[in-house]
file start-v7.pdb (PDB, C-alpha atoms)
ATOM      1  CA  MET A  17     -25.806   1.568  33.375
ATOM      2  CA  ARG A  18     -27.642   2.501  30.170
ATOM      3  CA  SER A  19     -26.577   6.112  30.348
ATOM      4  CA  ALA A  20     -22.965   5.117  31.127
ATOM      5  CA  ILE A  21     -22.817   2.934  27.984
ATOM      6  CA  ARG A  22     -24.340   5.750  25.937
ATOM      7  CA  LYS A  23     -21.663   8.112  27.238
ATOM      8  CA  ILE A  24     -18.989   5.615  26.133
ATOM      9  CA  ALA A  25     -20.697   5.438  22.681
ATOM     10  CA  LEU A  26     -20.547   9.219  22.396
ATOM     11  CA  TYR A  27     -16.886   9.372  23.465
ATOM     12  CA  LEU A  28     -15.901   6.631  20.978
ATOM     13  CA  THR A  29     -17.656   8.441  18.110
ATOM     14  CA  LEU A  30     -16.080  11.750  19.080
ATOM     15  CA  ALA A  31     -12.638  10.155  19.529
ATOM     16  CA  GLY A  32     -12.779   8.631  16.021
ATOM     17  CA  ALA A  33     -13.865  11.964  14.543
ATOM     18  CA  LEU A  34     -11.213  13.877  16.499
ATOM     19  CA  VAL A  35      -8.338  11.558  15.459
ATOM     20  CA  TRP A  36      -9.514  11.828  11.839
ATOM     21  CA  LEU A  37      -9.773  15.639  11.984
ATOM     22  CA  LEU A  38      -6.407  16.093  13.712
ATOM     23  CA  GLY A  39      -4.823  13.731  11.169
ATOM     24  CA  GLY A  40      -5.776  16.088   8.348
ATOM     25  CA  ALA A  41      -9.313  14.864   7.555
ATOM     26  CA  ARG A  42      -8.011  12.679   4.711
ATOM     27  CA  LYS A  43     -10.607  11.129   2.413
ATOM     28  CA  GLY A  44      -8.530   7.973   1.862
ATOM     29  CA  PHE A  45      -7.614   5.083   4.131
ATOM     30  CA  TYR A  46      -4.893   5.366   6.775
ATOM     31  CA  VAL A  47      -1.278   5.455   5.610
ATOM     32  CA  ILE A  48       2.024   4.775   7.335
ATOM     33  CA  SER A  49       4.260   7.064   5.282
ATOM     34  CA  GLU A  50       4.228  10.337   3.430
ATOM     35  CA  GLU A  51       6.099  11.453   0.341
ATOM     36  CA  ILE A  52       8.072  14.703   0.559
ATOM     37  CA  PRO A  53       8.596  16.269  -2.905
ATOM     38  CA  LYS A  54      12.216  16.962  -3.876
ATOM     39  CA  LEU A  55      14.063  18.265  -6.919
ATOM     40  CA  ASP A  56      17.325  16.849  -8.221
ATOM     41  CA  PRO A  57      19.237  20.046  -9.094
ATOM     42  CA  VAL A  58      21.338  18.599 -11.943
ATOM     43  CA  THR A  59      18.768  16.462 -13.768
ATOM     44  CA  GLU A  60      15.783  18.630 -12.672
ATOM     45  CA  ILE A  61      13.881  15.436 -11.919
ATOM     46  CA  GLU A  62      11.035  15.946  -9.478
ATOM     47  CA  TYR A  63      10.959  12.966  -7.148
ATOM     48  CA  SER A  64       9.764  12.183  -3.648
ATOM     49  CA  GLU A  65      11.449  10.988  -0.484
ATOM     50  CA  ARG A  66       9.501   8.570   1.684
ATOM     51  CA  HIS A  67       9.244   9.222   5.406
ATOM     52  CA  ASP A  68       7.545   7.062   8.024
ATOM     53  CA  LYS A  69       4.486   8.885   9.330
ATOM     54  CA  PHE A  70       1.158   7.566  10.503
ATOM     55  CA  LEU A  71      -1.794   9.492   9.089
ATOM     56  CA  PRO A  72      -5.307   8.326  10.024
ATOM     57  CA  GLY A  73      -7.834   8.032   7.221
ATOM     58  CA  ILE A  74     -11.581   7.979   6.854
ATOM     59  CA  ASP A  75     -11.493   4.428   8.259
ATOM     60  CA  PHE A  76     -10.872   5.973  11.705
ATOM     61  CA  LEU A  77     -13.940   8.205  11.371
ATOM     62  CA  LEU A  78     -16.056   5.252  10.196
ATOM     63  CA  GLY A  79     -14.594   3.012  12.891
ATOM     64  CA  GLY A  80     -15.528   5.525  15.580
ATOM     65  CA  VAL A  81     -19.069   5.836  14.241
ATOM     66  CA  ILE A  82     -19.537   2.040  13.947
ATOM     67  CA  LEU A  83     -18.072   1.363  17.399
ATOM     68  CA  GLY A  84     -20.058   4.208  18.969
ATOM     69  CA  GLY A  85     -23.235   3.025  17.202
ATOM     70  CA  SER A  86     -22.670  -0.518  18.455
ATOM     71  CA  PHE A  87     -22.320   0.663  22.048
ATOM     72  CA  TYR A  88     -25.458   2.783  21.642
ATOM     73  CA  LEU A  89     -27.426  -0.271  20.435
ATOM     74  CA  ILE A  90     -26.015  -2.408  23.268
ATOM     75  CA  SER A  91     -27.258   0.190  25.727
ATOM     76  CA  PHE A  92     -30.855  -0.826  24.858
ATOM     77  CA  LEU A  93     -30.191  -4.226  26.427
ATOM     78  CA  PHE A  94     -30.109  -2.560  29.803
ATOM     79  CA  PRO A  95     -33.338  -1.445  31.490
ATOM     80  CA  LYS A  96     -34.304   2.177  31.673
ATOM     81  CA  PRO A  97     -33.389   3.787  34.979
ATOM     82  CA  LEU A  98     -36.361   4.156  37.287
ATOM     83  CA  ILE A  99     -37.466   7.760  37.592
ATOM     84  CA  THR A 100     -39.018   8.502  40.933
ATOM     85  CA  LYS A 101     -41.365  11.414  40.847
ATOM     86  CA  PRO A 102     -41.763  13.388  44.010
ATOM     87  CA  VAL A 103     -45.161  12.811  45.537
ATOM     88  CA  THR A 104     -47.047  16.022  45.983
ATOM     89  CA  ARG A 105     -49.759  16.028  48.558
ATOM     90  CA  PRO A 106     -52.751  18.325  48.200
TER
ATOM     91  CA  MET B  22      46.425  -1.740 -52.657
ATOM     92  CA  LYS B  23      47.443   1.785 -51.623
ATOM     93  CA  LEU B  24      43.895   2.965 -52.274
ATOM     94  CA  LEU B  25      42.602   0.136 -50.067
ATOM     95  CA  LEU B  26      44.945   1.164 -47.273
ATOM     96  CA  LEU B  27      43.610   4.719 -47.557
ATOM     97  CA  ILE B  28      39.960   3.682 -47.598
ATOM     98  CA  LEU B  29      40.101   1.145 -44.761
ATOM     99  CA  PRO B  30      40.800   3.690 -41.995
ATOM    100  CA  LEU B  31      37.955   5.864 -43.327
ATOM    101  CA  VAL B  32      35.534   2.940 -43.265
ATOM    102  CA  GLY B  33      36.722   2.132 -39.778
ATOM    103  CA  ALA B  34      36.167   5.734 -38.667
ATOM    104  CA  ALA B  35      32.658   5.765 -40.151
ATOM    105  CA  ALA B  36      31.834   2.518 -38.366
ATOM    106  CA  HIS B  37      33.156   4.003 -35.161
ATOM    107  CA  ILE B  38      30.902   7.073 -35.519
ATOM    108  CA  SER B  39      27.773   4.988 -36.229
ATOM    109  CA  ALA B  40      28.591   2.734 -33.283
ATOM    110  CA  ASP B  41      29.120   5.710 -30.981
ATOM    111  CA  SER B  42      26.350   4.751 -28.581
ATOM    112  CA  ILE B  43      26.893   5.391 -24.922
ATOM    113  CA  SER B  44      25.639   2.840 -22.408
ATOM    114  CA  PHE B  45      23.687   4.450 -19.548
ATOM    115  CA  ASP B  46      23.098   2.533 -16.339
ATOM    116  CA  PHE B  47      19.741   3.366 -14.716
ATOM    117  CA  ALA B  48      20.476   1.836 -11.306
ATOM    118  CA  ASP B  49      20.641   5.239  -9.656
ATOM    119  CA  PRO B  50      22.814   5.353  -6.501
ATOM    120  CA  LYS B  51      21.057   8.588  -5.457
ATOM    121  CA  GLY B  52      17.665   6.875  -5.252
ATOM    122  CA  VAL B  53      15.965   9.482  -7.414
ATOM    123  CA  ASN B  54      14.692   7.147 -10.134
ATOM    124  CA  THR B  55      11.016   6.500  -9.541
ATOM    125  CA  ILE B  56       8.149   5.033 -11.543
ATOM    126  CA  ASN B  57       4.784   6.448 -10.460
ATOM    127  CA  PHE B  58       1.447   4.717 -11.052
ATOM    128  CA  HIS B  59      -2.122   5.839 -10.538
ATOM    129  CA  LEU B  60      -5.471   4.070 -10.652
ATOM    130  CA  ASP B  61      -8.811   5.776 -10.219
ATOM    131  CA  ALA B  62     -11.150   4.051  -7.808
ATOM    132  CA  LEU B  63     -14.654   4.537  -6.461
ATOM    133  CA  LEU B  64     -13.656   5.074  -2.829
ATOM    134  CA  GLU B  65     -10.117   6.354  -3.140
ATOM    135  CA  SER B  66      -7.799   6.667  -6.130
ATOM    136  CA  THR B  67      -4.676   4.595  -5.646
ATOM    137  CA  SER B  68      -1.290   6.157  -6.240
ATOM    138  CA  GLY B  69       2.053   4.587  -5.626
ATOM    139  CA  ASN B  70       5.553   4.258  -6.891
ATOM    140  CA  ALA B  71       8.447   1.920  -7.439
ATOM    141  CA  LYS B  72      12.046   2.839  -6.799
ATOM    142  CA  GLY B  73      13.702  -0.420  -7.827
ATOM    143  CA  VAL B  74      14.658   0.795 -11.305
ATOM    144  CA  SER B  75      17.623  -0.645 -13.192
ATOM    145  CA  GLY B  76      18.660  -1.482 -16.744
ATOM    146  CA  LEU B  77      20.907  -0.304 -19.534
ATOM    147  CA  ILE B  78      20.008   2.063 -22.365
ATOM    148  CA  GLN B  79      22.347   2.618 -25.337
ATOM    149  CA  TYR B  80      21.998   6.174 -26.569
ATOM    150  CA  ASP B  81      23.855   7.848 -29.408
ATOM    151  CA  PRO B  82      23.723  11.660 -28.973
ATOM    152  CA  GLN B  83      24.441  12.088 -32.708
ATOM    153  CA  ASN B  84      21.705   9.665 -33.684
ATOM    154  CA  PRO B  85      19.032   9.332 -30.962
ATOM    155  CA  GLY B  86      16.927   7.157 -33.288
ATOM    156  CA  ASN B  87      19.338   4.299 -32.623
ATOM    157  CA  THR B  88      18.415   4.161 -28.936
ATOM    158  CA  THR B  89      18.067   0.608 -27.651
ATOM    159  CA  GLY B  90      18.011  -1.128 -24.299
ATOM    160  CA  THR B  91      15.852  -2.495 -21.537
ATOM    161  CA  LEU B  92      14.599  -1.011 -18.282
ATOM    162  CA  GLN B  93      13.747  -3.237 -15.366
ATOM    163  CA  ILE B  94      11.604  -2.617 -12.296
ATOM    164  CA  ASP B  95      11.800  -4.782  -9.193
ATOM    165  CA  THR B  96       8.137  -5.593  -8.425
ATOM    166  CA  LYS B  97       8.933  -5.925  -4.692
ATOM    167  CA  SER B  98       9.653  -2.168  -4.732
ATOM    168  CA  LEU B  99       6.051  -1.384  -5.778
ATOM    169  CA  TYR B 100       4.765   0.758  -2.919
ATOM    170  CA  VAL B 101       1.482   2.204  -1.711
ATOM    171  CA  ALA B 102       1.322   3.911   1.676
ATOM    172  CA  ASN B 103      -1.487   1.768   3.103
ATOM    173  CA  PRO B 104      -0.046  -1.582   4.296
ATOM    174  CA  ARG B 105      -3.210  -3.598   3.560
ATOM    175  CA  MET B 106      -3.372  -2.214   0.017
ATOM    176  CA  ARG B 107       0.317  -3.006  -0.444
ATOM    177  CA  GLU B 108      -0.318  -6.577   0.686
ATOM    178  CA  HIS B 109      -3.060  -6.883  -1.953
ATOM    179  CA  LEU B 110      -0.861  -5.200  -4.595
ATOM    180  CA  HIS B 111       1.969  -7.691  -4.034
ATOM    181  CA  GLY B 112      -0.402 -10.645  -3.770
ATOM    182  CA  PRO B 113      -1.177 -13.269  -6.442
ATOM    183  CA  THR B 114      -4.342 -11.597  -7.819
ATOM    184  CA  TRP B 115      -2.640  -8.261  -8.475
ATOM    185  CA  MET B 116       1.111  -8.227  -9.189
ATOM    186  CA  ASP B 117       2.135 -11.642  -7.803
ATOM    187  CA  VAL B 118       5.628 -10.391  -6.946
ATOM    188  CA  ALA B 119       6.737 -13.809  -5.690
ATOM    189  CA  LYS B 120       6.283 -15.354  -9.148
ATOM    190  CA  HIS B 121       7.032 -12.274 -11.251
ATOM    191  CA  PRO B 122       9.945 -10.366  -9.691
ATOM    192  CA  ASP B 123      10.456  -7.944 -12.609
ATOM    193  CA  ILE B 124       8.619  -5.631 -14.955
ATOM    194  CA  LEU B 125      10.533  -5.134 -18.220
ATOM    195  CA  PHE B 126      10.371  -2.412 -20.835
ATOM    196  CA  THR B 127      12.387  -3.054 -24.001
ATOM    197  CA  VAL B 128      12.928  -0.171 -26.403
ATOM    198  CA  GLY B 129      12.032  -1.231 -29.932
ATOM    199  CA  SER B 130      12.244   1.795 -32.188
ATOM    200  CA  LEU B 131      11.910   5.575 -32.060
ATOM    201  CA  LYS B 132       9.676   7.541 -34.461
ATOM    202  CA  ASP B 133       8.860  11.231 -35.000
ATOM    203  CA  ILE B 134      12.220  12.196 -33.556
ATOM    204  CA  ASP B 135      12.784  15.873 -32.894
ATOM    205  CA  THR B 136      16.086  17.032 -31.420
ATOM    206  CA  THR B 137      16.691  20.583 -30.180
ATOM    207  CA  GLY B 138      20.051  21.069 -28.519
ATOM    208  CA  ASN B 139      20.447  18.272 -25.991
ATOM    209  CA  ILE B 140      16.731  17.438 -25.793
ATOM    210  CA  THR B 141      15.103  14.817 -28.006
ATOM    211  CA  THR B 142      11.407  14.029 -28.108
ATOM    212  CA  ALA B 143      10.198  10.885 -29.827
ATOM    213  CA  ASP B 144       7.468   8.283 -29.959
ATOM    214  CA  VAL B 145       8.985   5.184 -28.447
ATOM    215  CA  ASN B 146       7.693   1.804 -29.590
ATOM    216  CA  GLY B 147       8.553  -0.792 -27.053
ATOM    217  CA  GLU B 148       7.468  -3.982 -25.386
ATOM    218  CA  LEU B 149       6.239  -4.029 -21.825
ATOM    219  CA  THR B 150       6.326  -7.292 -19.879
ATOM    220  CA  VAL B 151       4.180  -7.436 -16.751
ATOM    221  CA  LYS B 152       3.268 -10.695 -14.955
ATOM    222  CA  GLY B 153       4.837 -12.645 -17.797
ATOM    223  CA  VAL B 154       2.603 -10.982 -20.442
ATOM    224  CA  THR B 155       4.425  -9.012 -23.151
ATOM    225  CA  ARG B 156       2.517  -6.412 -25.127
ATOM    226  CA  PRO B 157       3.525  -3.532 -27.419
ATOM    227  CA  VAL B 158       3.448  -0.048 -25.901
ATOM    228  CA  LEU B 159       3.725   3.343 -27.569
ATOM    229  CA  ALA B 160       4.888   6.224 -25.385
ATOM    230  CA  LYS B 161       5.905   9.787 -26.105
ATOM    231  CA  ALA B 162       9.240  10.309 -24.389
ATOM    232  CA  THR B 163      11.691  13.117 -23.794
ATOM    233  CA  LEU B 164      15.381  12.260 -23.602
ATOM    234  CA  THR B 165      17.730  14.875 -22.188
ATOM    235  CA  TYR B 166      21.435  14.281 -22.707
ATOM    236  CA  LEU B 167      23.576  16.015 -20.078
ATOM    237  CA  LYS B 168      27.151  15.748 -21.311
ATOM    238  CA  GLY B 169      29.817  15.857 -18.608
ATOM    239  CA  LYS B 170      27.295  16.458 -15.786
ATOM    240  CA  LEU B 171      27.837  13.251 -13.831
ATOM    241  CA  LYS B 172      30.478  14.682 -11.510
ATOM    242  CA  ALA B 173      28.266  17.688 -10.725
ATOM    243  CA  ARG B 174      25.509  15.268  -9.700
ATOM    244  CA  MET B 175      27.573  12.722  -7.805
ATOM    245  CA  GLY B 176      29.798  15.189  -5.978
ATOM    246  CA  PRO B 177      33.508  16.025  -6.239
ATOM    247  CA  ARG B 178      34.558  12.422  -5.531
ATOM    248  CA  GLY B 179      32.194  11.104  -8.191
ATOM    249  CA  PRO B 180      33.308   9.963 -11.632
ATOM    250  CA  ASP B 181      33.371  12.115 -14.759
ATOM    251  CA  GLY B 182      30.744  11.162 -17.277
ATOM    252  CA  ASP B 183      27.384  11.847 -18.854
ATOM    253  CA  ILE B 184      23.759  11.608 -17.753
ATOM    254  CA  LEU B 185      20.687  10.653 -19.782
ATOM    255  CA  VAL B 186      17.299  11.693 -18.389
ATOM    256  CA  ILE B 187      14.195   9.931 -19.705
ATOM    257  CA  ARG B 188      10.726  11.316 -19.053
ATOM    258  CA  THR B 189       7.544   9.657 -20.255
ATOM    259  CA  LYS B 190       3.901   9.087 -19.405
ATOM    260  CA  PHE B 191       1.608   6.385 -20.783
ATOM    261  CA  SER B 192      -1.311   4.166 -19.822
ATOM    262  CA  ILE B 193      -1.944   0.442 -19.864
ATOM    263  CA  ASN B 194      -5.032  -1.646 -19.117
ATOM    264  CA  ARG B 195      -4.565  -4.015 -16.192
ATOM    265  CA  THR B 196      -6.783  -6.691 -17.779
ATOM    266  CA  ASP B 197      -4.345  -6.871 -20.735
ATOM    267  CA  TYR B 198      -1.636  -8.039 -18.333
ATOM    268  CA  GLY B 199      -3.727 -10.312 -16.129
ATOM    269  CA  ILE B 200      -3.637  -7.898 -13.179
ATOM    270  CA  ASN B 201      -6.785  -8.890 -11.294
ATOM    271  CA  SER B 202      -8.395  -9.345 -14.724
ATOM    272  CA  GLY B 203     -12.033  -8.410 -14.994
ATOM    273  CA  GLN B 204     -12.339  -8.033 -11.227
ATOM    274  CA  LEU B 205     -13.451  -4.921  -9.317
ATOM    275  CA  ILE B 206     -13.826  -3.041 -12.638
ATOM    276  CA  ASP B 207     -16.781  -1.126 -11.146
ATOM    277  CA  ARG B 208     -14.620  -0.031  -8.201
ATOM    278  CA  VAL B 209     -11.033   0.202  -9.498
ATOM    279  CA  SER B 210     -10.350   1.509 -13.003
ATOM    280  CA  ASP B 211      -8.946  -0.796 -15.662
ATOM    281  CA  GLU B 212      -6.561   1.925 -16.795
ATOM    282  CA  ILE B 213      -3.248   2.364 -14.997
ATOM    283  CA  GLU B 214      -1.485   5.663 -15.630
ATOM    284  CA  ILE B 215       2.285   5.298 -15.510
ATOM    285  CA  SER B 216       4.764   8.160 -15.441
ATOM    286  CA  LEU B 217       8.490   8.118 -14.983
ATOM    287  CA  SER B 218      11.404  10.503 -14.768
ATOM    288  CA  ILE B 219      14.650   8.602 -14.499
ATOM    289  CA  ALA B 220      18.330   9.343 -14.900
ATOM    290  CA  GLY B 221      20.987   6.992 -16.225
ATOM    291  CA  GLN B 222      24.682   7.490 -15.786
ATOM    292  CA  ALA B 223      27.609   6.708 -18.074
ATOM    293  CA  PRO B 224      30.956   7.179 -16.312
ATOM    294  CA  ASN B 225      33.883   7.832 -18.670
TER
END
call {"tool": "encode", "arguments": {"input": "start-v7.pdb", "output": "structure tokens"}}
result
Amino acid sequence: MRSAIRKIALYLTLAGALVWLLGGARKGFYVISEEIPKLDPVTEIEYSERHDKFLPGIDFLLGGVILGGSFYLISFLFPKPLITKPVTRP
Amino acid sequence: MKLLLLILPLVGAAAHISADSISFDFADPKGVNTINFHLDALLESTSGNAKGVSGLIQYDPQNPGNTTGTLQIDTKSLYVANPRMREHLHGPTWMDVAKHPDILFTVGSLKDIDTTGNITTADVNGELTVKGVTRPVLAKATLTYLKGKLKARMGPRGPDGDILVIRTKFSINRTDYGINSGQLIDRVSDEIEISLSIAGQAPN
């Protein structure tokens, strides 16, 4: 049981890190839109157009680490598995 | 009497020239007009924008120093990409958009005016009203007058007319306007950098 919970802890930490990395490893918090830069040809005003896009932030990395760490700590509540050593006879 | 009849039309013409201001409407149907703001912060600097720009500016191409008018920003259009941050931004401690639906900038006077061709640079003295607090603001601005360019911008079915582009950048302190006054100063900077590039249209 203990090792199973520790595996879950590892997967959660890795999942958080993976989502964060694949999302562009942004240093800020998650966002739900991105701004695409545009240029108005007549006025030459540089502006941005908003598009809906979910981009995970560092909160996903931290969330994965905190959740994984919590599972790791919970794993200590379960007893160590009994290791049976083979008996060697002289 | 004859002399008076000769002079009167001249006086009238002079008055017409001095009152030759064009009224530019900054509610841009193309959605280009944007106010950008930026605050430095310990964890993550906060940048956002507002697209709800409107207002009228009276601009005289022959005498840019006579520029007057008011620009208005709908506070509900203030936007940051993180929904939780936006909730805080619109909330009572920050911008309180429910109680204060507009930000106003009223042009007072222009100084150090320099005009080259259709481009005028000047120091604009104005009054900025945020959260019901009005304070004087000085901003260096560039005004570009694009005569007869409205149709080119709006398409062949658009009206003939002129465009006025205003570009400026200035800073304010949020505590001066009661924007989460004195709070989180160690984490979010007091200074808010504001920049804008906006176009107003004056159909003929």
call {"tool": "resolve_selection", "arguments": {"input": "start-v7.pdb", "expression": "the PyMOL selection byres ((chain B and resi 53) around 10)", "output": "list of chain:residue names"}}
result
A:Lys54, A:Leu55, A:Asp56, A:Thr59, A:Ile61, A:Glu62, A:Tyr63, A:Ser64, A:Glu65, B:Ala48, B:Asp49, B:Pro50, B:Lys51, B:Gly52, B:Asn54, B:Thr55, B:Ile56, B:Lys72, B:Val74, B:Ser218, B:Ile219, B:Ala220
call {"tool": "residues_around", "arguments": {"input": "start-v7.pdb", "residues": "A:Arg18", "least_positions_apart": "4", "cutoff": "8 Å", "atoms": "all atoms listed in the file", "output": "PDB file with C-alpha atoms, in the coordinates of the input"}}
result
ATOM      1  CA  ARG A  22     -24.340   5.750  25.937  1.00  0.00           C
ATOM      2  CA  SER A  91     -27.258   0.190  25.727  1.00  0.00           C
ATOM      3  CA  PHE A  92     -30.855  -0.826  24.858  1.00  0.00           C
ATOM      4  CA  PHE A  94     -30.109  -2.560  29.803  1.00  0.00           C
ATOM      5  CA  PRO A  95     -33.338  -1.445  31.490  1.00  0.00           C
ATOM      6  CA  LYS A  96     -34.304   2.177  31.673  1.00  0.00           C
ATOM      7  CA  PRO A  97     -33.389   3.787  34.979  1.00  0.00           C
TER       8      PRO A  97
END
call {"tool": "closest_atom_pairs", "arguments": {"input": "start-v7.pdb", "of": "chain B", "to": "chain A", "cutoff": "12 Å", "atoms": "only C-alpha atoms", "output": "JSON lines"}}
result
{"residue": "B:Lys51", "atom": "CA", "partner": "A:Asp56", "partner_atom": "CA", "distance": 9.5}
{"residue": "B:Gly52", "atom": "CA", "partner": "A:Glu65", "partner_atom": "CA", "distance": 8.8}
{"residue": "B:Val53", "atom": "CA", "partner": "A:Tyr63", "partner_atom": "CA", "distance": 6.1}
{"residue": "B:Asn54", "atom": "CA", "partner": "A:Tyr63", "partner_atom": "CA", "distance": 7.5}
{"residue": "B:Thr55", "atom": "CA", "partner": "A:Tyr63", "partner_atom": "CA", "distance": 6.9}
{"residue": "B:Ile56", "atom": "CA", "partner": "A:Tyr63", "partner_atom": "CA", "distance": 9.5}
{"residue": "B:Asn57", "atom": "CA", "partner": "A:Tyr63", "partner_atom": "CA", "distance": 9.6}
{"residue": "B:Ala62", "atom": "CA", "partner": "A:Gly44", "partner_atom": "CA", "distance": 10.8}
{"residue": "B:Leu63", "atom": "CA", "partner": "A:Gly44", "partner_atom": "CA", "distance": 10.9}
{"residue": "B:Leu64", "atom": "CA", "partner": "A:Gly44", "partner_atom": "CA", "distance": 7.5}
{"residue": "B:Glu65", "atom": "CA", "partner": "A:Gly44", "partner_atom": "CA", "distance": 5.5}
{"residue": "B:Ser66", "atom": "CA", "partner": "A:Gly44", "partner_atom": "CA", "distance": 8.1}
{"residue": "B:Thr67", "atom": "CA", "partner": "A:Gly44", "partner_atom": "CA", "distance": 9.1}
{"residue": "B:Ser68", "atom": "CA", "partner": "A:Gly44", "partner_atom": "CA", "distance": 11.0}
{"residue": "B:Gly69", "atom": "CA", "partner": "A:Glu51", "partner_atom": "CA", "distance": 10.0}
{"residue": "B:Asn70", "atom": "CA", "partner": "A:Ser64", "partner_atom": "CA", "distance": 9.5}
{"residue": "B:Ala71", "atom": "CA", "partner": "A:Ser64", "partner_atom": "CA", "distance": 11.0}
{"residue": "B:Lys72", "atom": "CA", "partner": "A:Ser64", "partner_atom": "CA", "distance": 10.1}
{"residue": "B:Tyr100", "atom": "CA", "partner": "A:Arg66", "partner_atom": "CA", "distance": 10.2}
{"residue": "B:Val101", "atom": "CA", "partner": "A:Val47", "partner_atom": "CA", "distance": 8.5}
{"residue": "B:Ala102", "atom": "CA", "partner": "A:Val47", "partner_atom": "CA", "distance": 5.0}
{"residue": "B:Asn103", "atom": "CA", "partner": "A:Val47", "partner_atom": "CA", "distance": 4.5}
{"residue": "B:Pro104", "atom": "CA", "partner": "A:Val47", "partner_atom": "CA", "distance": 7.3}
{"residue": "B:Arg105", "atom": "CA", "partner": "A:Val47", "partner_atom": "CA", "distance": 9.5}
{"residue": "B:Met106", "atom": "CA", "partner": "A:Phe45", "partner_atom": "CA", "distance": 9.4}
{"residue": "B:Arg107", "atom": "CA", "partner": "A:Val47", "partner_atom": "CA", "distance": 10.5}
{"residue": "B:Leu164", "atom": "CA", "partner": "A:Thr59", "partner_atom": "CA", "distance": 11.2}
{"residue": "B:Thr165", "atom": "CA", "partner": "A:Thr59", "partner_atom": "CA", "distance": 8.6}
{"residue": "B:Tyr166", "atom": "CA", "partner": "A:Thr59", "partner_atom": "CA", "distance": 9.6}
{"residue": "B:Leu167", "atom": "CA", "partner": "A:Thr59", "partner_atom": "CA", "distance": 7.9}
{"residue": "B:Lys168", "atom": "CA", "partner": "A:Thr59", "partner_atom": "CA", "distance": 11.3}
{"residue": "B:Gly169", "atom": "CA", "partner": "A:Val58", "partner_atom": "CA", "distance": 11.1}
{"residue": "B:Lys170", "atom": "CA", "partner": "A:Val58", "partner_atom": "CA", "distance": 7.4}
{"residue": "B:Leu171", "atom": "CA", "partner": "A:Val58", "partner_atom": "CA", "distance": 8.6}
{"residue": "B:Lys172", "atom": "CA", "partner": "A:Val58", "partner_atom": "CA", "distance": 10.0}
{"residue": "B:Ala173", "atom": "CA", "partner": "A:Val58", "partner_atom": "CA", "distance": 7.1}
{"residue": "B:Arg174", "atom": "CA", "partner": "A:Val58", "partner_atom": "CA", "distance": 5.8}
{"residue": "B:Met175", "atom": "CA", "partner": "A:Val58", "partner_atom": "CA", "distance": 9.5}
{"residue": "B:Gly176", "atom": "CA", "partner": "A:Val58", "partner_atom": "CA", "distance": 10.9}
{"residue": "B:Asp183", "atom": "CA", "partner": "A:Thr59", "partner_atom": "CA", "distance": 11.0}
{"residue": "B:Ile184", "atom": "CA", "partner": "A:Thr59", "partner_atom": "CA", "distance": 8.0}
{"residue": "B:Leu185", "atom": "CA", "partner": "A:Thr59", "partner_atom": "CA", "distance": 8.6}
{"residue": "B:Val186", "atom": "CA", "partner": "A:Thr59", "partner_atom": "CA", "distance": 6.8}
{"residue": "B:Ile187", "atom": "CA", "partner": "A:Ile61", "partner_atom": "CA", "distance": 9.5}
{"residue": "B:Arg188", "atom": "CA", "partner": "A:Ile61", "partner_atom": "CA", "distance": 8.8}
{"residue": "B:Thr189", "atom": "CA", "partner": "A:Ile61", "partner_atom": "CA", "distance": 12.0}
{"residue": "B:Ser216", "atom": "CA", "partner": "A:Tyr63", "partner_atom": "CA", "distance": 11.4}
{"residue": "B:Leu217", "atom": "CA", "partner": "A:Tyr63", "partner_atom": "CA", "distance": 9.5}
{"residue": "B:Ser218", "atom": "CA", "partner": "A:Ile61", "partner_atom": "CA", "distance": 6.2}
{"residue": "B:Ile219", "atom": "CA", "partner": "A:Ile61", "partner_atom": "CA", "distance": 7.3}
{"residue": "B:Ala220", "atom": "CA", "partner": "A:Thr59", "partner_atom": "CA", "distance": 7.2}
{"residue": "B:Gly221", "atom": "CA", "partner": "A:Thr59", "partner_atom": "CA", "distance": 10.0}
{"residue": "B:Gln222", "atom": "CA", "partner": "A:Thr59", "partner_atom": "CA", "distance": 10.9}
call {"tool": "resolve_selection", "arguments": {"input": "start-v7.pdb", "expression": "the PyMOL selection byres ((chain B and resi 214) around 8)", "output": "ChimeraX atom specification"}}
result
/B:58-60,190-193,212-213,215-216
call {"tool": "closest_residue", "arguments": {"input": "start-v7.pdb", "among": "A:Ala20, A:Leu98, A:Ile52, A:Leu77", "to": "A:Leu37", "atoms": "only C-alpha atoms"}}
result
A:Leu77
call {"tool": "resolve_selection", "arguments": {"input": "start-v7.pdb", "expression": "the PyMOL selection byres ((chain A and resi 25) around 6)", "output": "ChimeraX atom specification"}}
result
/A:22-24,26-28,84,87-88
call {"tool": "atom_distance", "arguments": {"input": "start-v7.pdb", "atom1": "atom CA of B:Asn87", "atom2": "atom CA of B:Thr150"}}
result
21.6 Å
call {"tool": "atom_distance", "arguments": {"input": "start-v7.pdb", "atom1": "atom CA of B:Asp61", "atom2": "atom CA of B:Gly203"}}
result
15.3 Å
call {"tool": "atom_distance", "arguments": {"input": "start-v7.pdb", "atom1": "atom CA of B:Thr136", "atom2": "atom CA of B:Asp81"}}
result
12.2 Å
call {"tool": "residues_around", "arguments": {"input": "start-v7.pdb", "residues": "B:Thr96", "least_positions_apart": "2", "cutoff": "7 Å", "atoms": "all atoms listed in the file", "output": "PyMOL selection string"}}
result
chain B and resi 94+98-99+118+122-124
call {"tool": "closest_residue", "arguments": {"input": "start-v7.pdb", "among": "A:Leu93, A:Ile99, A:Ala41, A:Ala31", "to": "A:Val81", "atoms": "all atoms listed in the file"}}
result
A:Ala31
call {"tool": "closest_residue", "arguments": {"input": "start-v7.pdb", "among": "B:Lys120, B:Gln83, B:Asn194, B:Gly112", "to": "B:Ser210", "atoms": "all atoms listed in the file"}}
result
B:Asn194
call {"tool": "decode", "arguments": {"input": "start-v7.pdb", "residues": "stretch 57-62 of chain B", "atoms": "C-alpha atoms", "output": "mmCIF file, in the first residue's frame"}}
result
data_model
loop_
_atom_site.group_PDB
_atom_site.id
_atom_site.type_symbol
_atom_site.label_atom_id
_atom_site.label_comp_id
_atom_site.auth_asym_id
_atom_site.auth_seq_id
_atom_site.Cartn_x
_atom_site.Cartn_y
_atom_site.Cartn_z
ATOM 1 C CA ASN B 57 -2.376 49.123 -21.501
ATOM 2 C CA PHE B 58 -1.339 49.054 -17.841
ATOM 3 C CA HIS B 59 1.550 47.408 -16.050
ATOM 4 C CA LEU B 60 2.421 46.889 -12.399
ATOM 5 C CA ASP B 61 5.610 45.287 -11.164
ATOM 6 C CA ALA B 62 5.108 42.643 -8.515
#
